[in-house]
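Visitor: Next comes the structure file input09.cif, holding mmCIF, C-alpha atoms.
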data_data
loop_
_atom_site.label_atom_id
_atom_site.label_comp_id
_atom_site.auth_asym_id
_atom_site.auth_seq_id
_atom_site.Cartn_x
_atom_site.Cartn_y
_atom_site.Cartn_z
CA MET A 1 92.65 -104.03 -39.94
CA GLN A 2 92.01 -104.29 -43.67
CA LEU A 3 92.84 -107.57 -45.34
CA GLU A 4 95.02 -105.84 -47.93
CA ASN A 5 97.21 -104.24 -45.28
CA LEU A 6 97.49 -107.51 -43.47
CA ILE A 7 98.60 -109.31 -46.61
CA GLN A 8 101.10 -106.57 -47.37
CA GLN A 9 102.64 -106.89 -43.93
CA PHE A 10 102.67 -110.65 -44.25
CA GLN A 11 104.59 -110.27 -47.51
CA GLN A 12 107.12 -108.17 -45.64
CA LYS A 13 107.57 -111.20 -43.37
CA ASP A 14 105.67 -109.77 -40.44
CA LYS A 15 104.96 -112.72 -38.14
CA ALA A 16 102.19 -111.01 -36.25
CA ALA A 17 100.31 -110.40 -39.51
CA PHE A 18 100.91 -114.02 -40.47
CA ALA A 19 99.51 -115.17 -37.12
CA THR A 20 96.33 -113.19 -37.80
CA LEU A 21 95.98 -114.70 -41.25
CA TYR A 22 96.57 -118.13 -39.78
CA HIS A 23 93.76 -117.67 -37.29
CA MET A 24 91.50 -116.38 -40.05
CA TYR A 25 92.01 -119.33 -42.39
CA ALA A 26 93.56 -122.32 -40.59
CA ASP A 27 90.30 -124.17 -39.97
CA ASN A 28 89.11 -123.68 -43.53
CA ILE A 29 92.39 -124.71 -45.09
CA CYS A 30 92.57 -127.72 -42.82
CA GLY A 31 89.02 -128.61 -43.89
CA VAL A 32 89.94 -128.45 -47.57
CA ILE A 33 92.85 -130.80 -46.97
CA ASN A 34 90.61 -133.15 -45.06
CA VAL A 35 88.07 -133.33 -47.88
CA ILE A 36 90.87 -134.59 -50.10
CA LEU A 37 92.64 -136.90 -47.64
CA LYS A 38 89.70 -137.99 -45.48
CA ASP A 39 92.19 -138.49 -42.68
CA PRO A 40 91.76 -135.92 -39.91
CA GLU A 41 95.06 -136.54 -38.16
CA ARG A 42 97.19 -136.50 -41.28
CA SER A 43 95.26 -133.44 -42.43
CA GLN A 44 96.26 -131.54 -39.31
CA GLU A 45 99.92 -132.35 -39.92
CA LEU A 46 99.67 -131.36 -43.56
CA CYS A 47 97.84 -128.17 -42.65
CA HIS A 48 100.81 -127.18 -40.51
CA ASP A 49 103.14 -127.85 -43.46
CA VAL A 50 100.92 -125.87 -45.79
CA PHE A 51 101.13 -122.77 -43.61
CA ILE A 52 104.90 -123.02 -43.53
CA LYS A 53 104.84 -123.24 -47.34
CA ILE A 54 102.59 -120.18 -47.46
CA TRP A 55 105.12 -118.26 -45.37
CA GLU A 56 108.01 -119.36 -47.58
CA LYS A 57 106.14 -118.45 -50.75
CA SER A 58 104.79 -115.17 -49.45
CA ASP A 59 106.50 -113.12 -52.14
CA GLN A 60 104.87 -115.17 -54.88
CA TYR A 61 101.38 -113.89 -54.18
CA ASP A 62 100.10 -111.10 -56.35
CA THR A 63 96.70 -109.94 -57.45
CA SER A 64 96.83 -111.87 -60.72
CA LYS A 65 96.44 -114.99 -58.60
CA GLY A 66 93.05 -113.84 -57.33
CA ARG A 67 91.88 -113.61 -53.74
CA PHE A 68 94.41 -114.34 -51.01
CA PHE A 69 92.19 -117.19 -49.85
CA THR A 70 92.12 -118.57 -53.38
CA TRP A 71 95.90 -118.51 -53.46
CA ILE A 72 96.34 -120.42 -50.20
CA LEU A 73 93.47 -122.73 -51.17
CA ASN A 74 95.45 -123.63 -54.25
CA ILE A 75 98.61 -124.36 -52.24
CA ALA A 76 96.61 -126.54 -49.84
CA ARG A 77 94.90 -128.47 -52.64
CA ASN A 78 98.14 -129.16 -54.45
CA THR A 79 99.89 -130.27 -51.29
CA ALA A 80 97.06 -132.62 -50.35
CA ILE A 81 96.74 -134.06 -53.84
CA ASP A 82 100.51 -134.66 -53.96
CA GLU A 83 100.27 -136.46 -50.64
CA LEU A 84 97.45 -138.63 -51.92
CA ARG A 85 99.36 -139.49 -55.09
CA SER A 86 102.56 -140.34 -53.25
CA LYS A 87 100.54 -142.67 -51.04
CA SER A 88 98.77 -144.65 -53.72
CA HIS A 89 101.26 -144.19 -56.50
CA LYS A 90 99.15 -144.41 -59.60
CA ASN A 91 96.25 -142.44 -58.27
CA GLN A 92 95.19 -140.19 -61.12
CA LYS A 93 93.40 -136.92 -60.68
CA LYS A 94 90.18 -138.45 -61.95
CA ASN A 95 90.36 -141.26 -59.45
CA LEU A 96 90.19 -138.93 -56.54
CA SER A 97 87.37 -137.00 -58.08
CA VAL A 98 84.27 -138.92 -57.27
CA GLU A 99 82.55 -139.05 -53.98
CA SER A 100 84.75 -137.30 -51.50
CA LEU A 101 82.54 -134.39 -50.47
CA VAL A 102 79.41 -136.27 -51.47
CA GLY A 103 80.73 -139.24 -49.50
CA ILE A 104 81.44 -137.20 -46.40
CA TYR A 105 78.01 -135.66 -46.69
CA GLU A 106 76.20 -138.96 -46.99
CA ASN A 107 78.33 -141.00 -44.66
CA SER A 108 79.97 -139.21 -41.79
CA GLU A 109 81.34 -142.40 -40.29
CA ASP A 110 84.46 -142.75 -42.39
CA LEU A 111 85.92 -139.82 -40.49
CA ASN A 112 86.00 -141.79 -37.26
CA GLY A 113 83.46 -139.48 -35.74
CA LYS A 114 86.21 -136.87 -35.43
CA ILE A 115 84.19 -134.29 -37.20
CA ASP A 116 80.86 -132.89 -36.39
CA THR A 117 79.08 -133.06 -39.73
CA ILE A 118 75.98 -131.24 -38.56
CA GLY A 119 77.34 -127.98 -39.97
CA LEU A 120 78.02 -129.63 -43.31
CA GLN A 121 74.58 -131.23 -43.36
CA SER A 122 72.85 -127.93 -42.85
CA LEU A 123 74.98 -126.10 -45.44
CA LEU A 124 74.35 -128.73 -48.11
CA LYS A 125 70.70 -129.27 -47.27
CA GLY A 126 68.60 -129.72 -50.39
CA LEU A 127 71.57 -129.68 -52.78
CA LYS A 128 71.60 -132.35 -55.45
CA ASP A 129 74.57 -134.72 -55.56
CA LYS A 130 75.45 -133.18 -58.91
CA CYS A 131 75.76 -129.77 -57.27
CA ILE A 132 77.92 -131.08 -54.44
CA LEU A 133 80.17 -132.87 -56.90
CA LEU A 134 80.52 -129.72 -59.00
CA ILE A 135 81.52 -127.69 -55.94
CA ASP A 136 83.85 -130.45 -54.82
CA LEU A 137 85.66 -130.59 -58.16
CA LEU A 138 86.05 -126.84 -58.59
CA TYR A 139 86.84 -125.74 -55.04
CA PHE A 140 88.31 -128.77 -53.33
CA LYS A 141 89.97 -130.57 -56.22
CA GLY A 142 91.09 -127.60 -58.28
CA PHE A 143 89.66 -128.89 -61.55
CA THR A 144 89.55 -126.48 -64.48
CA GLN A 145 86.25 -125.79 -66.25
CA LYS A 146 87.39 -128.03 -69.07
CA GLU A 147 88.24 -130.92 -66.76
CA VAL A 148 84.90 -130.56 -65.00
CA ALA A 149 83.05 -130.59 -68.32
CA LYS A 150 84.80 -133.83 -69.24
CA GLU A 151 84.27 -135.43 -65.85
CA LEU A 152 80.58 -134.57 -65.62
CA LYS A 153 80.00 -134.97 -69.36
CA THR A 154 78.33 -131.59 -69.62
CA PRO A 155 78.97 -128.78 -72.09
CA ILE A 156 81.52 -126.31 -70.74
CA GLY A 157 79.13 -123.41 -71.35
CA THR A 158 76.69 -124.53 -68.68
CA ILE A 159 79.18 -124.99 -65.85
CA LYS A 160 79.45 -121.36 -64.77
CA THR A 161 75.74 -120.78 -64.39
CA ARG A 162 75.11 -124.11 -62.73
CA LEU A 163 77.90 -123.43 -60.25
CA ARG A 164 76.32 -120.09 -59.46
CA SER A 165 72.96 -121.66 -58.66
CA CYS A 166 74.61 -124.37 -56.53
CA ILE A 167 76.53 -121.81 -54.47
CA SER A 168 73.38 -119.72 -54.13
CA GLU A 169 71.67 -122.68 -52.46
CA ILE A 170 74.45 -122.87 -49.88
CA ARG A 171 74.13 -119.15 -49.29
CA LYS A 172 70.41 -119.56 -48.73
CA ASN A 173 71.11 -122.33 -46.25
CA MET A 174 73.47 -119.98 -44.41
CA ALA A 175 70.87 -117.27 -44.05
CA MET B 1 83.14 -97.44 -68.68
CA SER B 2 79.77 -98.85 -67.84
CA MET B 3 78.71 -102.45 -67.65
CA GLU B 4 75.76 -104.49 -66.62
CA VAL B 5 76.79 -105.39 -63.11
CA ASP B 6 73.83 -107.72 -62.48
CA LYS B 7 74.49 -109.68 -65.61
CA TYR B 8 78.15 -109.94 -64.78
CA ILE B 9 77.38 -111.25 -61.31
CA ALA B 10 74.72 -113.66 -62.62
CA SER B 11 77.14 -115.14 -65.15
CA GLY B 12 78.87 -117.16 -62.44
CA ILE B 13 82.32 -115.75 -63.23
CA LEU B 14 82.80 -114.63 -59.63
CA GLU B 15 82.25 -118.18 -58.36
CA LEU B 16 84.98 -119.35 -60.73
CA TYR B 17 87.19 -116.48 -59.58
CA VAL B 18 86.98 -117.63 -55.96
CA ALA B 19 87.63 -121.22 -57.04
CA GLY B 20 90.82 -120.09 -58.79
CA ALA B 21 89.57 -121.42 -62.12
CA LEU B 22 90.23 -118.25 -64.14
CA THR B 23 93.33 -117.17 -66.04
CA PRO B 24 95.58 -114.48 -64.52
CA GLU B 25 94.18 -111.95 -67.00
CA GLN B 26 90.63 -112.81 -66.06
CA ASN B 27 91.53 -112.54 -62.38
CA LEU B 28 92.85 -109.04 -62.89
CA GLU B 29 89.77 -108.11 -64.89
CA VAL B 30 87.51 -109.28 -62.08
CA GLN B 31 89.51 -107.26 -59.57
CA HIS B 32 89.34 -104.27 -61.79
CA TYR B 33 85.55 -104.45 -61.78
CA ALA B 34 85.46 -105.20 -58.05
CA LEU B 35 87.36 -101.97 -57.38
CA GLN B 36 84.93 -100.08 -59.56
CA TYR B 37 81.67 -101.67 -58.41
CA PRO B 38 81.14 -102.32 -54.69
CA GLU B 39 78.31 -104.78 -55.48
CA ILE B 40 80.82 -107.02 -57.22
CA GLN B 41 83.26 -106.81 -54.32
CA LYS B 42 80.45 -107.66 -51.89
CA GLU B 43 79.34 -110.59 -54.00
CA ILE B 44 82.88 -111.99 -54.15
CA GLU B 45 83.13 -111.81 -50.38
CA ALA B 46 79.77 -113.55 -49.96
CA ILE B 47 80.78 -116.39 -52.27
CA GLU B 48 84.10 -116.73 -50.49
CA LEU B 49 82.30 -116.84 -47.16
CA ALA B 50 80.11 -119.72 -48.35
CA ILE B 51 83.19 -121.71 -49.33
CA LEU B 52 84.99 -120.80 -46.10
CA LYS B 53 82.00 -122.04 -44.10
CA LEU B 54 81.77 -125.21 -46.14
CA ALA B 55 85.48 -125.95 -45.69
CA ALA B 56 85.37 -125.19 -41.97
CA SER B 57 82.45 -127.58 -41.54
CA VAL B 58 84.61 -130.56 -42.49
CA SER B 59 87.71 -129.39 -40.66
CA PRO B 60 89.47 -131.33 -37.95
CA LYS B 61 90.08 -128.21 -35.90
CA MET B 62 93.67 -127.19 -35.43
CA ALA B 63 95.27 -127.33 -32.00
CA GLU B 64 95.04 -124.20 -29.82
CA ASP B 65 98.77 -123.66 -30.04
CA GLY B 66 98.84 -124.47 -33.75
CA PHE B 67 100.45 -121.19 -34.65
CA GLU B 68 103.07 -121.42 -31.93
CA GLN B 69 104.20 -124.70 -33.47
CA ILE B 70 104.45 -123.01 -36.86
CA ARG B 71 106.23 -119.95 -35.50
CA ALA B 72 108.94 -122.19 -34.10
CA GLU B 73 109.72 -123.34 -37.63
CA LEU B 74 109.71 -120.04 -39.46
CA ASP B 75 113.01 -118.74 -40.70
CA ASP B 76 114.21 -115.81 -38.79
CA VAL B 77 114.15 -112.99 -41.20
CA ILE B 78 115.55 -109.64 -40.22
CA GLN B 79 112.64 -107.33 -39.92
CA PHE B 80 112.53 -104.00 -41.54
CA THR B 81 110.92 -101.53 -39.20
CA PRO B 82 110.64 -98.00 -40.49
CA SER B 83 111.93 -95.55 -37.93
CA GLU B 84 109.28 -93.25 -36.64
CA SER B 85 109.51 -89.80 -38.01
CA LYS B 86 110.11 -87.21 -35.39
CA ARG B 87 108.45 -83.97 -35.92
CA LYS B 88 108.52 -81.46 -33.15
CA ALA B 89 105.95 -78.78 -33.15
CA PRO B 90 107.64 -75.41 -33.07
CA TRP B 91 105.27 -73.78 -30.68
CA GLY B 92 106.47 -73.25 -27.21
CA ASN B 93 105.92 -69.98 -25.46
CA TYR B 94 102.89 -68.57 -27.21
CA LEU B 95 99.90 -67.34 -25.39
CA GLY B 96 97.12 -69.87 -24.96
CA TRP B 97 94.82 -68.48 -27.61
CA ALA B 98 97.57 -68.27 -30.20
CA ALA B 99 98.56 -71.81 -29.52
CA SER B 100 95.06 -73.06 -30.00
CA VAL B 101 94.76 -71.25 -33.32
CA VAL B 102 97.99 -72.75 -34.50
CA LEU B 103 96.90 -76.12 -33.26
CA ALA B 104 93.65 -75.85 -35.17
CA ILE B 105 95.51 -74.89 -38.33
CA GLY B 106 97.94 -77.71 -37.77
CA LEU B 107 95.17 -80.24 -37.31
CA PHE B 108 93.45 -79.02 -40.42
CA TRP B 109 96.69 -79.27 -42.35
CA LEU B 110 97.26 -82.82 -41.10
CA TYR B 111 93.74 -83.71 -42.04
CA THR B 112 94.03 -82.47 -45.61
CA GLU B 113 97.51 -83.94 -45.94
CA ASN B 114 96.19 -87.28 -44.77
CA ARG B 115 93.34 -87.17 -47.23
CA ALA B 116 95.63 -86.28 -50.08
CA LEU B 117 97.95 -89.13 -49.17
CA LYS B 118 95.07 -91.55 -49.00
CA SER B 119 93.82 -90.67 -52.45
CA GLU B 120 97.38 -90.79 -53.76
CA ILE B 121 97.73 -94.30 -52.38
CA GLU B 122 94.49 -95.24 -54.03
CA ILE B 123 95.61 -93.90 -57.39
CA THR B 124 98.98 -95.58 -57.06
CA SER B 125 97.47 -98.95 -56.26
CA GLN B 126 95.09 -98.63 -59.18
CA GLU B 127 98.03 -97.85 -61.43
CA LYS B 128 99.97 -100.76 -60.02
CA LEU B 129 97.08 -103.08 -60.74
CA LYS B 130 96.89 -101.81 -64.29
CA LEU B 131 100.61 -102.31 -64.82
CA GLU B 132 100.39 -105.81 -63.41
CA GLU B 133 97.53 -106.51 -65.78
CA THR B 134 99.55 -105.44 -68.77
CA LEU B 135 102.63 -107.32 -67.64
CA VAL B 136 100.79 -110.57 -67.05
CA SER B 137 98.85 -110.43 -70.28
CA THR B 138 101.92 -109.53 -72.32
CA ARG B 139 103.93 -112.31 -70.76
CA ASP B 140 101.15 -114.80 -71.38
CA ALA B 141 100.66 -113.65 -74.94
CA ILE B 142 104.34 -114.11 -75.72
CA VAL B 143 104.47 -117.57 -74.23
CA ARG B 144 101.32 -118.60 -76.04
CA LYS B 145 102.48 -117.22 -79.37
CA GLU B 146 105.88 -118.83 -79.13
CA ALA B 147 104.29 -122.19 -78.42
CA LEU B 148 101.89 -121.79 -81.31
CA LEU B 149 104.59 -120.73 -83.70
CA GLU B 150 106.58 -123.79 -82.82
CA GLN B 151 103.57 -125.99 -83.49
CA LEU B 152 102.82 -124.32 -86.82
CA ARG B 153 106.40 -124.78 -87.99
CA ASP B 154 106.38 -128.52 -87.32
CA GLN B 155 106.93 -130.31 -90.60
CA GLN B 156 104.27 -132.88 -89.75
CA VAL B 157 101.62 -130.21 -90.12
CA THR B 158 99.12 -130.30 -92.99
CA VAL B 159 97.58 -126.94 -93.83
CA ILE B 160 93.92 -126.91 -94.88
CA ALA B 161 92.23 -123.78 -96.17
CA LEU B 162 88.57 -123.51 -95.18
CA GLY B 163 86.55 -121.40 -97.61
CA GLY B 164 83.44 -119.32 -96.88
CA GLN B 165 80.05 -120.96 -97.45
CA ALA B 166 76.57 -119.73 -98.45
CA VAL B 167 75.70 -118.17 -95.09
CA SER B 168 78.88 -116.08 -95.05
CA PRO B 169 80.81 -116.21 -98.34
CA SER B 170 83.50 -113.80 -97.18
CA SER B 171 84.47 -115.91 -94.16
CA PHE B 172 87.58 -118.03 -94.20
CA ALA B 173 89.73 -119.97 -91.78
CA LYS B 174 92.76 -122.22 -91.74
CA ALA B 175 93.36 -125.52 -90.05
CA TYR B 176 96.88 -126.70 -89.24
CA TRP B 177 96.62 -130.40 -88.57
CA ASN B 178 99.39 -132.35 -86.89
CA LYS B 179 98.39 -135.99 -87.37
CA GLU B 180 101.26 -137.28 -85.25
CA GLU B 181 100.13 -135.31 -82.24
CA ASN B 182 96.40 -135.47 -83.03
CA LYS B 183 96.19 -131.73 -82.83
CA VAL B 184 94.48 -129.11 -84.97
CA ILE B 185 95.18 -125.42 -84.70
CA ILE B 186 92.35 -123.30 -86.10
CA ASP B 187 93.16 -119.81 -87.28
CA ALA B 188 89.78 -118.09 -87.06
CA GLN B 189 90.90 -114.55 -87.88
CA GLY B 190 88.64 -114.58 -90.96
CA LEU B 191 85.41 -115.37 -89.10
CA PRO B 192 83.04 -112.63 -87.92
CA GLU B 193 82.51 -112.28 -84.16
CA PRO B 194 79.68 -114.65 -83.17
CA PRO B 195 76.43 -113.06 -81.94
CA ALA B 196 75.76 -113.21 -78.17
CA GLY B 197 74.69 -116.67 -77.05
CA PHE B 198 76.38 -118.39 -79.96
CA THR B 199 79.74 -119.97 -80.50
CA TYR B 200 81.64 -121.54 -83.37
CA GLN B 201 82.00 -125.31 -83.33
CA VAL B 202 84.61 -127.18 -85.34
CA TRP B 203 83.79 -130.49 -86.97
CA SER B 204 85.95 -133.23 -88.40
CA LEU B 205 84.16 -134.74 -91.40
CA LYS B 206 84.22 -138.08 -93.17
CA LEU B 207 82.76 -137.53 -96.62
CA ASP B 208 81.19 -140.78 -97.77
CA PRO B 209 78.83 -141.09 -96.04
CA LEU B 210 78.94 -137.61 -94.52
CA THR B 211 79.78 -138.13 -90.83
CA PRO B 212 80.58 -135.11 -88.68
CA THR B 213 82.43 -135.40 -85.34
CA SER B 214 82.76 -132.38 -83.06
CA ILE B 215 86.35 -131.57 -82.12
CA GLY B 216 85.68 -128.49 -80.06
CA LEU B 217 84.33 -125.00 -79.60
CA LEU B 218 86.01 -121.70 -80.35
CA ASP B 219 85.13 -120.27 -76.96
CA ASP B 220 86.21 -116.85 -75.72
CA PHE B 221 86.26 -115.59 -79.24
CA SER B 222 86.53 -111.92 -78.41
CA ILE B 223 89.03 -112.27 -75.58
CA GLU B 224 91.29 -114.49 -77.62
CA SER B 225 92.53 -111.60 -79.72
CA ASP B 226 94.82 -113.66 -81.95
CA ARG B 227 91.92 -116.05 -82.61
CA LEU B 228 94.09 -119.12 -82.74
CA PHE B 229 92.61 -122.20 -81.09
CA VAL B 230 94.28 -125.51 -80.35
CA LEU B 231 91.94 -128.51 -80.54
CA GLU B 232 92.43 -132.24 -80.23
CA ASN B 233 91.63 -134.37 -83.24
CA ALA B 234 92.34 -138.09 -83.30
CA ASN B 235 89.96 -138.65 -86.22
CA ASP B 236 90.95 -139.70 -89.68
CA SER B 237 89.47 -136.50 -91.05
CA GLU B 238 88.73 -135.93 -94.71
CA ALA B 239 87.53 -132.38 -94.25
CA PHE B 240 86.98 -129.74 -91.59
CA GLY B 241 83.96 -127.49 -91.19
CA ILE B 242 83.03 -124.69 -88.82
CA THR B 243 79.38 -123.99 -87.90
CA LEU B 244 77.71 -121.41 -85.67
CA GLU B 245 75.92 -123.13 -82.77
CA PRO B 246 74.15 -122.08 -79.57
CA GLU B 247 76.53 -121.52 -76.66
CA GLY B 248 77.82 -124.80 -75.27
CA GLY B 249 77.77 -126.46 -78.69
CA SER B 250 75.46 -128.93 -80.40
CA ALA B 251 75.51 -132.69 -80.80
CA SER B 252 75.34 -132.43 -84.57
CA PRO B 253 76.15 -129.50 -86.85
CA THR B 254 73.52 -126.98 -87.95
CA LEU B 255 74.29 -127.14 -91.65
CA GLU B 256 72.43 -123.92 -92.54
CA GLN B 257 74.97 -122.19 -90.29
CA LEU B 258 78.03 -123.71 -91.97
CA TYR B 259 80.50 -120.82 -92.18
CA THR B 260 83.60 -122.43 -93.61
CA LEU B 261 84.55 -125.78 -95.07
CA GLY B 262 87.68 -127.31 -96.56
CA ALA B 263 88.83 -130.77 -97.64
CA VAL B 264 92.11 -132.31 -96.57
CA GLY B 265 94.48 -132.67 -99.53
CA ARG B 266 95.62 -136.22 -100.14
#
Taking this structure as input, can you express it in the form of structure tokens?
Guide:
Amino acid sequence: MQLENLIQQFQQKDKAAFATLYHMYADNICGVINVILKDPERSQELCHDVFIKIWEKSDQYDTSKGRFFTWILNIARNTAIDELRSKSHKNQKKNLSVESLVGIYENSEDLNGKIDTIGLQSLLKGLKDKCILLIDLLYFKGFTQKEVAKELKTPIGTIKTRLRSCISEIRKNMA
Amino acid sequence: MSMEVDKYIASGILELYVAGALTPEQNLEVQHYALQYPEIQKEIEAIELAILKLAASVSPKMAEDGFEQIRAELDDVIQFTPSESKRKAPWGNYLGWAASVVLAIGLFWLYTENRALKSEIEITSQEKLKLEETLVSTRDAIVRKEALLEQLRDQQVTVIALGGQAVSPSSFAKAYWNKEENKVIIDAQGLPEPPAGFTYQVWSLKLDPLTPTSIGLLDDFSIESDRLFVLENANDSEAFGITLEPEGGSASPTLEQLYTLGAVGR
């Protein structure tokens, strides 16, 4: 079935359509949460909560919010970041910026061996730390272009094209 | 409407689209192009797939019965199920050959009807998208303008007129500086559209000795139709200048490309 039809049915509170969407995206969404929390068990719990939120907010999705995946990605990110902040009260957005995806990539041990990082290793093969950080900030942390420019101390004009070349490397690694 | 699809794809805007880093208007614009150009749609899906793969690779997989656990918590909402339309074919006692002719005609009719409906749906969803585009952009424009108006009316604001300089004598701009809030609003209506690959950069200046400090770029010049830009300025500025610089901005101003300049009244 086409994604658009599926989403439409989901917005009409069709549970079967929602189940299909869940199976399409649960692992990915759970992964995004885990990049932020670095706590596999808590991430699974939060992932469950995120999907309930998605169901409750189903009528809020429209095309001005971008791809359906982008919309749920955003809900997941916000939920995970809120969780992180509530845990370590004064944790600012910038404090959670550095290292997480780079860290997971370079050191798989802080995930208690719960995750097989071979897939990650092969996807990120050959990418510079700068690239990984850029992807991390934009996709997993929900930074705006402006915030990324500030964080990485690079002119805002170069971010788009650099991001494109970083993602292209991942796509090459997938091929 | 034609556009350079390759250039559009190469710009990296689609990567930002998937990240959710664009404005609602830009999102709708991207979708508009994706509907028009299959290459763009395909590219979006490929980028999304890369991110999906990346996210899945660090996922603690969900339990097998993960959805069952969720289903148990979903509110029970009364489902609307459209009743199936009952249409009985009127043929009953015709001879075999007649029936088959009618059947063929009927099938053909259903086929054309179906096609017509499909294209109608397509047109309707295109129209819906367009309406949504207008609605979102109008709503955003109103909110933005109201906020700006409020800022301009603040009595803390000093107004500085920036006059045209040698490279473009007819240019002008205005700076509304709120020293309390360290904010400058630049009205750039009087500047020509920058050539491709260039952008205007705003400088706060100390005059003696002449020390310029960049306070920001006037990006998205053409999209920003009201050409009002809000910039941060915590400097003790004595003047403001606007220069034309290569995209991304420069570390120090290119003085031959100084478009407008104006001193802060004391």
Visitor: Pick out the chain B residues within 8 Å of chain A. Count all atoms listed in the file. Give them as a VMD selection string.
Guide: chain B and resid 10 to 13 15 to 21 24 to 25 27 to 28 31 46 to 47 50 to 62 66 to 67 70 to 71 73 to 74 77 79 to 80 129 132 to 133 136 247 to 249
Visitor: Which residue gives the smallest distance to B:Leu49 among A:Ala175, A:Val148, A:Ile81, A:Val102, with all atoms listed in the file counted?
Guide: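 Going through A:Ala175, A:Val148, A:Ile81, A:Val102 one by one, the smallest distance to B:Leu49 is for A:Ala175.
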Visitor: Please report the interatomic distance between atom CA of B:Ala34 and atom CA of B:Arg144 in Å with one decimal.
Guide: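 Atom CA of B:Arg144 lies at a distance of 27.5 Å from atom CA of B:Ala34.
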Visitor: Enter the distance from atom CA of B:Asp154 to atom CA of B:Thr211, in Å, rounded to one decimal.
Guide: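 Interatomic distance, atom CA of B:Asp154 to atom CA of B:Thr211: 28.5 Å.
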Visitor: Would you place a box with edges along x, y and z of the file around all atoms of stretch 188-199 of chain B listed there, add 8 Å to each of its six sides, and report the centre and edge lengths in Å to one decimal, as AutoDock Vina command-line options?
Guide:
--center_x 82.8 --center_y -116.1 --center_z -84.0 --size_x 32.2 --size_y 23.7 --size_z 29.9
Visitor: Quick one: distance from atom CA of B:Lys174 to atom CA of B:Ala196 in Å, one decimal?
Guide: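 According to the coordinates, atom CA of B:Lys174 and atom CA of B:Ala196 are separated by 23.5 Å.
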Visitor: Looking at only C-alpha atoms, which of B:Ala234, B:Leu131, B:Leu258, B:Ile242 is the one that sits closest to B:Val184?
Guide: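 Closest to B:Val184 of all the choices is B:Ala234.
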Visitor: Using only C-alpha atoms, which of the listed residues (B:Ile105, B:Leu35, B:Leu228, B:Val159) sits closest to B:Gly190?
Guide: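 Result for the nearest residue to B:Gly190: B:Leu228.
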Visitor: Using all atoms listed in the file, can you tell me which of B:Ser168, B:Ser237, B:Ser137, B:Ser125 comes closest to B:Trp203?
Guide: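 Nearest candidate to B:Trp203 out of B:Ser168, B:Ser237, B:Ser137, B:Ser125: B:Ser237.
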Visitor: Take the PyMOL selection byres ((chain B and resi 200) around 12), apply it to the structure above, and return the hits as an MDAnalysis selection string.
Guide: chainID B and resid 173 186 188 191:199 201:203 214:222 227 229 241:250 253:254 257:260
